[in-house]
file final.cif (mmCIF, C-alpha atoms)
data_coords
#
loop_
_atom_site.label_atom_id
_atom_site.label_comp_id
_atom_site.auth_asym_id
_atom_site.auth_seq_id
_atom_site.Cartn_x
_atom_site.Cartn_y
_atom_site.Cartn_z
CA MET U 498 18.84 96.54 67.07
CA SER U 499 15.51 98.10 66.22
CA GLN U 500 15.71 97.08 62.57
CA LYS U 501 14.42 93.62 61.66
CA SER U 502 17.00 91.28 60.21
CA ASN U 503 14.97 90.92 56.99
CA ASN U 504 16.18 94.37 55.95
CA ARG U 505 19.79 93.82 56.99
CA PRO U 506 21.58 90.85 55.43
CA ALA U 507 24.58 91.48 57.69
CA LEU U 508 22.41 91.00 60.77
CA LYS U 509 21.04 87.76 59.34
CA ILE U 510 24.55 86.46 58.64
CA ALA U 511 25.81 87.53 62.08
CA LEU U 512 22.85 85.83 63.77
CA ILE U 513 23.31 82.54 61.92
CA ALA U 514 27.09 82.59 62.45
CA VAL U 515 26.80 83.14 66.21
CA LEU U 516 24.05 80.51 66.57
CA THR U 517 26.16 78.07 64.53
CA ALA U 518 29.11 78.69 66.86
CA ILE U 519 26.83 78.23 69.92
CA THR U 520 25.57 74.93 68.48
CA VAL U 521 29.14 73.69 67.97
CA VAL U 522 30.13 74.65 71.53
CA PHE U 523 27.01 73.11 73.06
CA THR U 524 27.56 69.91 71.08
CA LEU U 525 31.23 69.50 71.93
CA ILE U 526 31.68 71.09 75.35
CA VAL U 527 28.40 71.34 77.23
CA ARG U 528 27.57 67.77 78.18
CA VAL U 529 25.26 66.57 80.91
CA PRO U 530 26.26 63.21 82.46
CA THR U 531 23.57 60.52 82.46
CA PRO U 532 23.57 56.99 83.88
CA ILE U 533 22.63 55.27 80.60
CA LYS U 534 24.38 57.00 77.73
CA GLY U 535 27.42 58.38 79.56
CA TYR U 536 26.50 61.92 78.62
CA ILE U 537 24.06 63.79 76.45
CA SER U 538 25.07 66.75 74.33
CA LEU U 539 22.96 69.87 74.40
CA CYS U 540 22.91 70.63 70.68
CA ASP U 541 19.15 70.02 70.66
CA VAL U 542 18.70 72.76 73.25
CA VAL U 543 20.22 75.32 70.87
CA ILE U 544 18.25 74.00 67.89
CA THR U 545 14.97 74.17 69.83
CA PHE U 546 15.90 77.55 71.28
CA SER U 547 16.77 78.90 67.80
CA ALA U 548 13.51 77.58 66.35
CA TYR U 549 11.38 79.21 69.09
CA LEU U 550 13.20 82.52 69.21
CA PHE U 551 14.48 83.11 65.69
CA GLY U 552 12.15 81.11 63.47
CA PRO U 553 12.37 77.94 61.38
CA TYR U 554 14.90 79.04 58.78
CA THR U 555 17.51 80.31 61.24
CA ALA U 556 17.12 77.09 63.24
CA MET U 557 17.46 75.01 60.08
CA ILE U 558 20.69 76.63 58.89
CA ALA U 559 22.33 77.15 62.30
CA GLY U 560 21.27 73.72 63.62
CA GLY U 561 22.37 71.87 60.50
CA LEU U 562 25.65 73.73 60.06
CA GLY U 563 26.50 73.69 63.76
CA THR U 564 26.02 69.97 64.27
CA GLY U 565 27.74 69.18 60.95
CA LEU U 566 30.78 71.26 61.93
CA ALA U 567 30.77 69.72 65.43
CA ASP U 568 30.88 66.25 63.88
CA ILE U 569 33.85 67.24 61.72
CA ILE U 570 35.71 68.84 64.64
CA GLY U 571 34.78 66.05 67.06
CA GLY U 572 36.19 63.27 64.87
CA TYR U 573 32.93 61.91 63.48
CA ALA U 574 33.24 63.36 59.98
CA GLN U 575 31.28 60.47 58.45
CA TRP U 576 28.14 61.69 60.23
CA ALA U 577 28.54 65.36 59.25
CA PRO U 578 26.40 65.47 56.07
CA PHE U 579 23.64 63.47 57.77
CA SER U 580 23.70 65.59 60.93
CA PHE U 581 23.41 68.65 58.69
CA ILE U 582 20.24 67.28 57.09
CA ILE U 583 18.65 65.69 60.19
CA HIS U 584 19.21 68.56 62.62
CA GLY U 585 18.41 71.10 59.90
CA LEU U 586 15.07 69.40 59.31
CA GLN U 587 14.51 69.12 63.05
CA GLY U 588 14.98 72.89 63.51
CA LEU U 589 12.83 73.70 60.50
CA LEU U 590 9.89 71.58 61.64
CA ILE U 591 10.01 72.73 65.27
CA GLY U 592 10.07 76.34 64.12
CA LEU U 593 7.33 75.92 61.50
CA ILE U 594 4.93 74.18 63.91
CA ALA U 595 5.53 76.72 66.66
CA LYS U 596 5.27 79.69 64.29
CA LYS U 597 1.99 78.48 62.81
CA GLY U 598 0.24 78.85 66.15
CA ALA U 599 1.70 82.24 67.02
CA SER U 600 -0.67 85.19 66.58
CA THR U 601 2.16 87.75 66.65
CA GLY U 602 4.33 85.99 64.07
CA TYR U 603 7.00 85.15 66.65
CA SER U 604 7.32 81.45 67.47
CA ILE U 605 8.03 82.27 71.12
CA ASP U 606 4.50 83.70 71.51
CA SER U 607 2.99 80.38 70.50
CA SER U 608 1.11 78.28 73.06
CA ILE U 609 3.15 75.90 75.18
CA LEU U 610 1.23 72.93 73.76
CA ARG U 611 2.18 73.87 70.22
CA MET U 612 5.79 74.33 71.28
CA ILE U 613 5.76 70.86 72.84
CA LEU U 614 4.12 69.45 69.69
CA GLY U 615 6.88 70.99 67.59
CA GLY U 616 9.44 69.54 69.98
CA ILE U 617 7.91 66.05 69.75
CA VAL U 618 7.99 66.21 65.95
CA GLY U 619 11.62 67.34 66.19
CA MET U 620 12.39 64.40 68.49
CA ALA U 621 10.82 61.97 66.02
CA VAL U 622 12.75 63.48 63.10
CA MET U 623 16.04 63.33 65.00
CA ALA U 624 15.63 59.79 66.33
CA GLY U 625 14.13 58.52 63.05
CA GLY U 626 16.77 60.21 60.92
CA TYR U 627 19.67 58.80 62.89
CA TYR U 628 18.01 55.38 62.88
CA LEU U 629 17.84 55.42 59.08
CA VAL U 630 21.44 56.60 58.69
CA GLY U 631 22.65 54.20 61.39
CA GLY U 632 20.79 51.40 59.62
CA MET U 633 22.52 52.29 56.38
CA PHE U 634 25.94 52.42 58.06
CA TYR U 635 25.86 49.50 60.49
CA GLY U 636 22.56 47.66 60.10
CA PHE U 637 18.98 48.42 61.15
CA GLU U 638 18.97 46.06 64.15
CA PRO U 639 22.03 47.54 65.91
CA ALA U 640 20.72 51.02 65.05
CA LEU U 641 17.62 50.33 67.17
CA VAL U 642 19.81 50.64 70.29
CA GLU U 643 20.33 54.33 69.60
CA ILE U 644 16.64 55.27 69.32
CA PRO U 645 15.90 55.60 73.07
CA LEU U 646 19.20 57.41 73.64
CA ASN U 647 18.48 59.88 70.85
CA LEU U 648 14.91 60.35 72.10
CA MET U 649 16.25 61.07 75.57
CA GLN U 650 18.79 63.60 74.24
CA SER U 651 16.25 65.41 72.06
CA GLY U 652 13.63 65.23 74.84
CA VAL U 653 15.98 66.98 77.25
CA GLY U 654 16.70 69.40 74.40
CA VAL U 655 13.02 70.26 74.01
CA VAL U 656 12.40 70.75 77.75
CA LEU U 657 15.51 72.86 78.27
CA GLY U 658 14.99 74.62 74.92
CA ILE U 659 11.52 75.86 75.92
CA ALA U 660 12.77 76.96 79.35
CA VAL U 661 15.85 78.70 77.93
CA SER U 662 13.97 80.47 75.13
CA LYS U 663 11.46 81.86 77.65
CA SER U 664 14.18 83.00 80.05
CA VAL U 665 16.38 84.53 77.33
CA SER U 666 13.46 86.41 75.76
CA LYS U 667 12.74 87.91 79.19
CA ALA U 668 16.37 88.67 80.01
CA TYR U 669 17.14 90.17 76.59
CA PRO U 670 13.87 91.32 74.93
CA ALA U 671 15.66 92.90 71.95
CA VAL U 672 16.37 89.38 70.73
CA ARG U 673 12.88 89.21 69.18
CA GLU U 674 13.90 91.70 66.51
CA LEU U 675 16.36 89.18 65.09
CA SER U 676 13.63 86.71 64.09
CA TRP U 677 12.96 86.20 60.34
CA MET K 973 38.91 74.56 72.55
CA ILE K 974 40.60 73.23 69.44
CA SER K 975 38.35 73.87 66.44
CA SER K 976 40.73 72.59 63.75
CA THR K 977 40.98 68.96 62.72
CA TYR K 978 44.18 69.39 60.71
CA ILE K 979 47.13 67.27 61.85
CA ALA K 980 50.52 68.28 60.50
CA GLY K 981 52.22 65.36 58.81
CA ARG K 982 53.98 64.09 55.74
CA GLY K 983 53.12 62.09 52.65
CA PHE K 984 51.48 62.62 49.29
CA ILE K 985 48.01 63.11 50.79
CA TYR K 986 49.21 66.47 52.11
CA HIS K 987 50.25 67.53 48.61
CA THR K 988 47.10 66.36 46.84
CA ASP K 989 44.62 69.07 45.90
CA ALA K 990 41.82 69.20 48.49
CA ARG K 991 39.17 69.41 45.75
CA ALA K 992 40.41 66.17 44.19
CA LYS K 993 40.72 64.52 47.61
CA LEU K 994 37.12 65.36 48.47
CA LEU K 995 35.94 63.95 45.14
CA LEU K 996 37.88 60.73 45.77
CA VAL K 997 36.45 60.40 49.29
CA LEU K 998 32.90 60.89 48.00
CA LEU K 999 33.36 58.42 45.13
CA LEU K 1000 34.83 55.74 47.39
CA CYS K 1001 32.12 56.31 50.02
CA ILE K 1002 29.49 55.73 47.32
CA GLU K 1003 31.33 52.69 45.95
CA VAL K 1004 31.36 50.87 49.31
CA PHE K 1005 27.55 50.78 49.11
CA LEU K 1006 27.71 49.11 45.67
CA PRO K 1007 28.35 45.37 45.29
CA VAL K 1008 32.04 45.52 46.18
CA SER K 1009 34.15 42.85 47.88
CA THR K 1010 34.77 43.35 51.62
CA ILE K 1011 38.47 42.73 50.91
CA GLY K 1012 38.46 45.97 48.94
CA MET K 1013 36.81 47.82 51.82
CA TYR K 1014 39.32 46.48 54.36
CA LEU K 1015 42.08 47.39 51.91
CA ILE K 1016 40.83 51.00 51.94
CA SER K 1017 40.92 51.02 55.76
CA LEU K 1018 44.39 49.45 55.88
CA LEU K 1019 45.72 51.89 53.29
CA CYS K 1020 44.26 54.81 55.27
CA ILE K 1021 45.83 53.46 58.49
CA ALA K 1022 49.19 53.08 56.71
CA LEU K 1023 48.99 56.63 55.33
CA ALA K 1024 47.99 58.06 58.72
CA TRP K 1025 50.77 56.04 60.43
CA TYR K 1026 53.36 57.39 58.01
CA ALA K 1027 51.94 60.92 58.33
CA ALA K 1028 51.33 61.26 62.05
CA GLY K 1029 52.34 58.09 63.91
CA PHE K 1030 50.71 54.83 64.93
CA ARG K 1031 48.71 56.14 67.92
CA GLN K 1032 47.06 58.77 65.76
CA ALA K 1033 46.43 56.23 63.01
CA ILE K 1034 44.43 53.86 65.21
CA SER K 1035 42.50 56.55 67.12
CA PRO K 1036 39.45 56.40 64.74
CA LEU K 1037 39.19 52.68 65.54
CA LYS K 1038 38.80 53.55 69.22
CA THR K 1039 35.93 55.93 68.45
CA ILE K 1040 34.01 53.37 66.40
CA LEU K 1041 34.77 50.40 68.67
CA PRO K 1042 31.51 50.72 70.71
CA LEU K 1043 29.50 50.67 67.49
CA ILE K 1044 31.41 47.65 66.21
CA ILE K 1045 30.66 45.84 69.49
CA ILE K 1046 26.95 46.67 69.09
CA MET K 1047 27.11 45.32 65.52
CA ILE K 1048 28.74 42.08 66.74
CA LEU K 1049 26.10 41.68 69.45
CA PHE K 1050 23.03 42.37 67.35
CA THR K 1051 23.66 41.60 63.66
CA PRO K 1052 24.19 37.79 63.75
CA PHE K 1053 20.95 37.26 65.75
CA THR K 1054 18.83 38.80 63.03
CA TYR K 1055 19.83 36.35 60.27
CA THR K 1056 18.68 32.91 61.42
CA ASP K 1057 17.41 31.37 58.18
CA SER K 1058 20.68 30.25 56.56
CA THR K 1059 23.19 27.54 57.62
CA PRO K 1060 23.77 27.66 61.39
CA LEU K 1061 27.39 28.04 62.49
CA ILE K 1062 27.14 28.49 66.25
CA VAL K 1063 24.24 26.77 68.09
CA VAL K 1064 24.01 26.77 71.91
CA LYS K 1065 21.26 24.64 73.54
CA GLY K 1066 19.16 24.70 70.40
CA ILE K 1067 19.44 28.48 69.95
CA THR K 1068 21.16 29.63 66.78
CA LEU K 1069 23.63 32.37 67.66
CA ALA K 1070 25.26 32.84 64.27
CA THR K 1071 24.60 31.79 60.70
CA THR K 1072 26.66 32.11 57.54
CA GLU K 1073 24.40 34.89 56.30
CA GLY K 1074 24.60 36.69 59.65
CA LEU K 1075 28.39 36.63 59.67
CA PHE K 1076 28.49 37.71 56.01
CA HIS K 1077 26.36 40.76 56.82
CA LEU K 1078 28.36 41.52 59.97
CA ASN K 1079 31.59 41.41 58.00
CA LEU K 1080 30.11 43.65 55.29
CA LEU K 1081 28.78 46.24 57.77
CA ILE K 1082 32.04 46.41 59.74
CA ALA K 1083 34.14 46.69 56.56
CA ARG K 1084 31.90 49.40 55.12
CA PHE K 1085 31.67 51.47 58.29
CA THR K 1086 35.42 51.27 58.97
CA ALA K 1087 36.25 52.27 55.39
CA ILE K 1088 33.90 55.28 55.46
CA THR K 1089 35.21 56.36 58.88
CA TYR K 1090 38.85 56.20 57.77
CA LEU K 1091 38.25 57.89 54.42
CA THR K 1092 36.47 60.89 55.94
CA THR K 1093 38.84 61.11 58.91
CA LEU K 1094 41.94 61.04 56.75
CA PHE K 1095 40.49 63.81 54.60
CA VAL K 1096 39.87 66.17 57.54
CA TRP K 1097 43.23 65.29 59.11
CA SER K 1098 45.23 66.05 55.98
CA THR K 1099 43.35 69.17 54.88
CA SER K 1100 43.43 72.50 56.70
CA MET K 1101 40.10 74.09 57.62
CA SER K 1102 40.76 76.97 55.22
CA ASP K 1103 41.32 74.51 52.36
CA ILE K 1104 38.16 72.59 53.30
CA MET K 1105 36.27 75.88 53.16
CA LEU K 1106 37.77 76.80 49.78
CA THR K 1107 36.96 73.31 48.50
CA PHE K 1108 33.31 73.77 49.47
CA ARG K 1109 33.41 77.16 47.71
CA PHE K 1110 34.77 75.44 44.59
CA TYR K 1111 31.90 72.94 44.69
CA GLY K 1112 29.27 75.68 44.93
CA LEU K 1113 29.02 76.91 48.54
CA PRO K 1114 27.71 80.50 48.23
CA TYR K 1115 29.77 83.48 49.42
CA LYS K 1116 27.42 84.15 52.34
CA GLY K 1117 27.45 80.49 53.38
CA ALA K 1118 31.24 80.47 53.50
CA LEU K 1119 31.15 83.75 55.44
CA VAL K 1120 28.80 82.23 58.03
CA ILE K 1121 31.13 79.26 58.55
CA THR K 1122 34.28 81.39 58.83
CA LEU K 1123 32.55 83.72 61.30
CA ALA K 1124 31.33 80.71 63.28
CA PHE K 1125 34.90 79.45 63.57
CA ARG K 1126 35.93 82.91 64.77
CA PHE K 1127 33.25 82.76 67.50
CA ILE K 1128 33.65 79.15 68.68
CA PRO K 1129 36.64 79.83 71.00
CA PHE K 1130 35.02 83.04 72.29
CA ILE K 1131 31.76 81.28 73.23
CA ALA K 1132 33.60 78.25 74.64
CA ASP K 1133 35.70 80.51 76.89
CA SER K 1134 32.59 82.46 77.94
CA PHE K 1135 30.87 79.19 78.85
CA HIS K 1136 33.78 78.07 81.03
CA MET K 1137 33.93 81.44 82.81
CA ILE K 1138 30.17 81.60 83.43
CA ARG K 1139 30.06 77.97 84.60
CA ASP K 1140 32.93 78.64 87.02
CA ALA K 1141 31.15 81.71 88.34
CA PHE K 1142 27.94 79.74 88.91
CA SER K 1143 29.81 76.86 90.54
CA LEU K 1144 30.73 79.19 93.42
CA ARG K 1145 27.10 79.03 94.51
CA VAL K 1146 26.41 75.40 95.40
CA PRO K 1147 22.73 74.36 95.42
CA ASN K 1148 21.27 72.70 98.49
CA GLU K 1149 22.45 69.07 98.21
CA THR K 1150 19.62 67.64 100.35
CA THR K 1151 16.88 68.84 98.02
CA ARG K 1152 18.63 67.88 94.78
CA SER K 1153 17.04 65.24 92.57
CA ARG K 1154 18.14 63.93 89.17
CA LYS K 1155 15.65 66.29 87.52
CA SER K 1156 17.04 69.30 89.35
CA ARG K 1157 20.58 68.32 88.34
CA ILE K 1158 19.62 68.72 84.67
CA PHE K 1159 17.97 72.05 85.42
CA ASP K 1160 21.04 73.21 87.39
CA ILE K 1161 22.66 74.00 84.08
CA LEU K 1162 19.78 76.25 82.99
CA PRO K 1163 21.08 79.57 84.43
CA THR K 1164 24.53 78.91 82.92
CA ILE K 1165 23.05 78.16 79.49
CA SER K 1166 20.82 81.25 79.60
CA CYS K 1167 23.76 83.47 80.55
CA VAL K 1168 25.99 82.06 77.81
CA LEU K 1169 23.23 82.54 75.24
CA VAL K 1170 22.50 86.13 76.25
CA PHE K 1171 26.23 86.90 76.34
CA ALA K 1172 26.73 85.45 72.84
CA LEU K 1173 23.57 87.01 71.38
CA LYS K 1174 24.62 90.46 72.55
CA SER K 1175 27.61 90.28 70.22
CA ILE K 1176 25.37 89.96 67.13
CA PRO K 1177 24.60 93.69 66.57
CA ASN K 1178 28.31 94.58 66.81
CA LEU K 1179 29.25 91.78 64.43
CA ALA K 1180 26.55 92.86 61.95
CA MET K 1181 27.74 96.46 62.15
CA SER K 1182 31.35 95.50 61.53
CA LEU K 1183 30.29 93.38 58.55
CA GLU K 1184 28.38 96.34 57.12
CA HIS K 1185 31.39 98.59 57.69
CA ARG K 1186 33.47 96.12 55.72
CA GLY K 1187 31.11 96.34 52.77
CA LEU K 1188 28.69 93.45 53.21
CA GLY K 1189 25.45 94.11 51.37
CA ARG K 1190 27.06 96.47 48.83
CA ARG K 1191 26.87 95.67 45.16
CA GLN K 1192 30.62 95.79 44.73
CA LYS K 1193 32.20 93.26 47.04
CA ARG K 1194 35.34 94.45 48.78
CA SER K 1195 36.81 91.01 49.18
CA THR K 1196 36.70 87.60 47.53
CA TYR K 1197 37.89 84.16 48.63
CA HIS K 1198 41.20 83.10 47.12
CA THR K 1199 41.53 79.82 45.25
CA ILE K 1200 43.44 76.73 46.39
CA HIS K 1201 46.90 76.20 45.02
CA ALA K 1202 48.40 72.73 44.93
CA LYS K 1203 51.43 71.16 43.29
CA GLY K 1204 50.50 70.39 39.68
CA SER K 1205 47.32 71.24 37.83
CA LEU K 1206 43.87 70.60 39.24
CA PHE K 1207 43.01 68.47 36.22
CA THR K 1208 45.90 66.07 36.95
CA HIS K 1209 44.85 65.70 40.58
CA LEU K 1210 41.20 65.15 39.65
CA PHE K 1211 42.14 62.69 36.90
CA ILE K 1212 44.34 60.61 39.25
CA CYS K 1213 41.63 60.55 41.93
CA VAL K 1214 38.89 59.51 39.49
CA MET K 1215 41.21 56.81 38.11
CA ILE K 1216 41.84 55.45 41.62
CA ALA K 1217 38.09 55.26 42.29
CA THR K 1218 37.43 53.64 38.89
CA LEU K 1219 40.22 51.08 39.33
CA PHE K 1220 38.98 50.23 42.81
CA TYR K 1221 35.52 49.54 41.46
CA LEU K 1222 36.75 47.51 38.49
CA VAL K 1223 39.02 45.34 40.65
CA PHE K 1224 36.73 44.74 43.64
CA SER K 1225 33.21 44.78 42.21
CA TYR K 1226 31.42 41.45 41.74
#

call {"tool": "encode", "arguments": {"input": "final.cif", "output": "C-alpha cells"}}
result
Amino acid sequence: MSQKSNNRPALKIALIAVLTAITVVFTLIVRVPTPIKGYISLCDVVITFSAYLFGPYTAMIAGGLGTGLADIIGGYAQWAPFSFIIHGLQGLLIGLIAKKGASTGYSIDSSILRMILGGIVGMAVMAGGYYLVGGMFYGFEPALVEIPLNLMQSGVGVVLGIAVSKSVSKAYPAVRELSW
Amino acid sequence: MISSTYIAGRGFIYHTDARAKLLLVLLLCIEVFLPVSTIGMYLISLLCIALAWYAAGFRQAISPLKTILPLIIIMILFTPFTYTDSTPLIVVKGITLATTEGLFHLNLLIARFTAITYLTTLFVWSTSMSDIMLTFRFYGLPYKGALVITLAFRFIPFIADSFHMIRDAFSLRVPNETTRSRKSRIFDILPTISCVLVFALKSIPNLAMSLEHRGLGRRQKRSTYHTIHAKGSLFTHLFICVMIATLFYLVFSY
C-alpha cells in the first residue's frame, strides 16, 4: 500500500466502499445504551474517524452514503436523502477544518484543538441539519426535542472519533497512505 | 445482519417498473408539501397500508406506524401549545392547551409525515436492492458510485460478523466493576471499535487489487450494469405514475 490512492482509482473506490460499509454497520449494530435516548448510534464515530484519517472528501462520501443506506435498511427511508446531505456535510467540514491546520497535509497530524473545533462544527451541522429537516417533517417545536439528543450522539462521536483515529493510525500506520 | 429491505409479496406494485415507482414516490412526497387537503394525505397512507396488507400481511403493513409513533406522540405533546392565538378549544385553569389553529397544524403534520413514511417504505419493501441500484443508475448515478454501493453491500455482513466476533472476544475480559463509571462504560467499546476498524481497513488493498485485476481503471470497461426489465414499456409505467400524481394534485389541492 505504498502508492497513494490519488494514483489508483481502485484504491479510492475500495476505501470509500469499506468505509461506507463500516458506517452502515456502526449505525445499525453498534449502539451504546444511554439513560436518556435509549441508545446512541456510533455513525458519527466513523464519520469523524474518516475525516481525520482519510480527509474531507472520503468522509463526505462514505459518511453520507453510509448513513443514507443505513436509513434505508433500518426502515427510515424518508430520512435517507437528508442523512446523506447532513452527514456528508458534517464529514466534509470536520475534515476540511482539521486538514487546514495540518502541516503534513494529513488531518490526523493536526492539533487536538483544531480537531475538536472541526468536531464542534460537525456537531452543529448534524444537530442543526436534523432540526431543519425535522421541522419540515413534523414541526419546528417538536423538532427542538431532538437537538440535545443529536448533540449528545455527535459529541460522543467526536470524542470517540479522535481517540479511535489516533489508536488506529498507531496500530496500522499504512492507513495514512489511503488519505486523499 | 439483513441488509436488504425487500419483502416478497404480491400485487401490482411488485410488477410496476422501479424507475416509475421512484418518480411517483418523489412526486407525491413533493405534493404533500403543497397546499393539499389532509384527507388526500391520509388517503395515501391508507392506500399504502392496504397495498402492504395485501402484499405482506397486516402486521407488516402497520409496522411503519410503530416506528413513527414516538414522533407522533412528540408532535401531539408540543404542536398544539405553540399556536395559542386562534380560537381556544381546550382551556384548563385559564391555560389554553389547544386551539383550532394548533389542531389544524397537528393534523397537517401527522398526515404529511405518515404519508411520506408510507410512500418511501412501500417503495423499498416492494423493490429489490438490485433494482433500486439500477434505478439510481437510470437517474444518473455514475458507474463508480454504483460500484461503491454494491461493494459496500458486499462488505456489510463481513464487517458485522467481524464486529460480533471481536466484541465476543473482548467480553471474555471483564473490566474491574468497582472502578467503572458511566464515562468508562462508553470508552469500554474503544478497543473493540479500533480492532474492527483495523480489521476492515486491512481488506482495502486486497479489494483494490481485485478490482484492478477485473479491469477497473482501464479505458475499455469489462462489465456494465444491466437495465431493468418490467412488464410493459417504461413509457407506459412512467405515464401511469405521472397521471396518478397529477390526478392526486388536481383532486386534493385547494

call {"tool": "resolve_selection", "arguments": {"input": "final.cif", "expression": "the PyMOL selection byres ((chain U and resi 670) around 12)", "output": "VMD selection string"}}
result
(chain U and resid 498 to 499 550 605 662 to 669 671 to 676) or (chain K and resid 1170 1173 to 1174)

call {"tool": "interface_residues", "arguments": {"input": "final.cif", "of": "chain K", "to": "chain U", "cutoff": "7 Å", "atoms": "all atoms listed in the file", "output": "CSV table (one decimal) with C-alpha atoms, in the coordinates of the input"}}
result
chain,number,residue,atom,x,y,z
K,975,SER,CA,38.4,73.9,66.4
K,976,SER,CA,40.7,72.6,63.8
K,977,THR,CA,41.0,69.0,62.7
K,1046,ILE,CA,27.0,46.7,69.1
K,1047,MET,CA,27.1,45.3,65.5
K,1050,PHE,CA,23.0,42.4,67.4
K,1051,THR,CA,23.7,41.6,63.7
K,1081,LEU,CA,28.8,46.2,57.8
K,1082,ILE,CA,32.0,46.4,59.7
K,1085,PHE,CA,31.7,51.5,58.3
K,1088,ILE,CA,33.9,55.3,55.5
K,1089,THR,CA,35.2,56.4,58.9
K,1092,THR,CA,36.5,60.9,55.9
K,1093,THR,CA,38.8,61.1,58.9
K,1120,VAL,CA,28.8,82.2,58.0
K,1121,ILE,CA,31.1,79.3,58.6
K,1123,LEU,CA,32.6,83.7,61.3
K,1124,ALA,CA,31.3,80.7,63.3
K,1125,PHE,CA,34.9,79.4,63.6
K,1127,PHE,CA,33.2,82.8,67.5
K,1128,ILE,CA,33.6,79.2,68.7
K,1131,ILE,CA,31.8,81.3,73.2
K,1132,ALA,CA,33.6,78.2,74.6
K,1162,LEU,CA,19.8,76.2,83.0
K,1166,SER,CA,20.8,81.2,79.6
K,1170,VAL,CA,22.5,86.1,76.2
K,1176,ILE,CA,25.4,90.0,67.1
K,1177,PRO,CA,24.6,93.7,66.6
K,1179,LEU,CA,29.2,91.8,64.4
K,1180,ALA,CA,26.6,92.9,62.0
K,1183,LEU,CA,30.3,93.4,58.6
K,1184,GLU,CA,28.4,96.3,57.1
K,1188,LEU,CA,28.7,93.4,53.2
K,1189,GLY,CA,25.4,94.1,51.4

call {"tool": "resolve_selection", "arguments": {"input": "final.cif", "expression": "the PyMOL selection byres ((chain U and resi 582-598) around 6)", "output": "list in words"}}
result
Ile544, Ala548, Tyr549, Gly552, Pro553, Tyr554, Ala556, Met557, Gly560, Gly561, Phe579, Ser580, Phe581, Ala599, Ser604, Ser607, Arg611, Met612, Gly615, Gly616, Gly619, Val622, Met623 and Gly626 of chain U

call {"tool": "resolve_selection", "arguments": {"input": "final.cif", "expression": "the PyMOL selection byres ((chain K and resi 1136) around 12)", "output": "count of residues only"}}
result
23

call {"tool": "atom_distance", "arguments": {"input": "final.cif", "atom1": "atom CA of K:Asp1057", "atom2": "atom CA of K:Ala1070"}}
result
10.0 Å

call {"tool": "residues_near_point", "arguments": {"input": "final.cif", "point": "(49.2, 56.3, 67.2)", "cutoff": "12 Å", "atoms": "only C-alpha atoms", "output": "mmCIF file with C-alpha atoms, in the frame of the given file"}}
result
data_model
loop_
_atom_site.group_PDB
_atom_site.id
_atom_site.type_symbol
_atom_site.label_atom_id
_atom_site.label_comp_id
_atom_site.auth_asym_id
_atom_site.auth_seq_id
_atom_site.Cartn_x
_atom_site.Cartn_y
_atom_site.Cartn_z
ATOM 1 C CA ILE K 1021 45.830 53.460 58.490
ATOM 2 C CA ALA K 1022 49.190 53.080 56.710
ATOM 3 C CA LEU K 1023 48.990 56.630 55.330
ATOM 4 C CA ALA K 1024 47.990 58.060 58.720
ATOM 5 C CA TRP K 1025 50.770 56.040 60.430
ATOM 6 C CA TYR K 1026 53.360 57.390 58.010
ATOM 7 C CA ALA K 1027 51.940 60.920 58.330
ATOM 8 C CA ALA K 1028 51.330 61.260 62.050
ATOM 9 C CA GLY K 1029 52.340 58.090 63.910
ATOM 10 C CA PHE K 1030 50.710 54.830 64.930
ATOM 11 C CA ARG K 1031 48.710 56.140 67.920
ATOM 12 C CA GLN K 1032 47.060 58.770 65.760
ATOM 13 C CA ALA K 1033 46.430 56.230 63.010
ATOM 14 C CA ILE K 1034 44.430 53.860 65.210
ATOM 15 C CA SER K 1035 42.500 56.550 67.120
ATOM 16 C CA PRO K 1036 39.450 56.400 64.740
ATOM 17 C CA LEU K 1037 39.190 52.680 65.540
ATOM 18 C CA LYS K 1038 38.800 53.550 69.220
#

call {"tool": "closest_residue", "arguments": {"input": "final.cif", "among": "K:Arg1191, K:His1201, K:Thr1218, K:Ile1212", "to": "K:His987", "atoms": "all atoms listed in the file"}}
result
K:His1201

call {"tool": "atom_distance", "arguments": {"input": "final.cif", "atom1": "atom CA of K:Ser1195", "atom2": "atom CA of K:Thr1107"}}
result
17.7 Å

call {"tool": "atom_distance", "arguments": {"input": "final.cif", "atom1": "atom CA of K:Thr1086", "atom2": "atom CA of K:Leu1019"}}
result
11.8 Å

call {"tool": "closest_residue", "arguments": {"input": "final.cif", "among": "U:Tyr627, U:Gly565, U:Ser651, U:Ile659", "to": "U:Ser608", "atoms": "only C-alpha atoms"}}
result
U:Ile659

call {"tool": "build_atoms", "arguments": {"input": "final.cif", "residues": "stretch 565-572 of chain U", "atoms": "N, CA and C atoms", "output": "JSON list (two decimals), in the coordinates of the input"}}
result
[["chain", "number", "residue", "atom", "x", "y", "z"],
["U", 565, "GLY", "N", 26.84, 69.72, 61.98],
["U", 565, "GLY", "CA", 27.74, 69.18, 60.95],
["U", 565, "GLY", "C", 29.19, 69.55, 61.26],
["U", 566, "LEU", "N", 29.41, 70.82, 61.60],
["U", 566, "LEU", "CA", 30.78, 71.26, 61.93],
["U", 566, "LEU", "C", 31.28, 70.56, 63.21],
["U", 567, "ALA", "N", 30.37, 70.39, 64.18],
["U", 567, "ALA", "CA", 30.77, 69.72, 65.43],
["U", 567, "ALA", "C", 31.19, 68.28, 65.15],
["U", 568, "ASP", "N", 30.49, 67.62, 64.24],
["U", 568, "ASP", "CA", 30.88, 66.25, 63.88],
["U", 568, "ASP", "C", 32.26, 66.21, 63.25],
["U", 569, "ILE", "N", 32.53, 67.19, 62.38],
["U", 569, "ILE", "CA", 33.85, 67.24, 61.72],
["U", 569, "ILE", "C", 34.93, 67.49, 62.76],
["U", 570, "ILE", "N", 34.70, 68.49, 63.62],
["U", 570, "ILE", "CA", 35.71, 68.84, 64.64],
["U", 570, "ILE", "C", 35.87, 67.70, 65.65],
["U", 571, "GLY", "N", 34.76, 67.08, 66.02],
["U", 571, "GLY", "CA", 34.78, 66.05, 67.06],
["U", 571, "GLY", "C", 35.28, 64.69, 66.61],
["U", 572, "GLY", "N", 35.65, 64.54, 65.34],
["U", 572, "GLY", "CA", 36.19, 63.27, 64.87],
["U", 572, "GLY", "C", 35.15, 62.29, 64.37]]
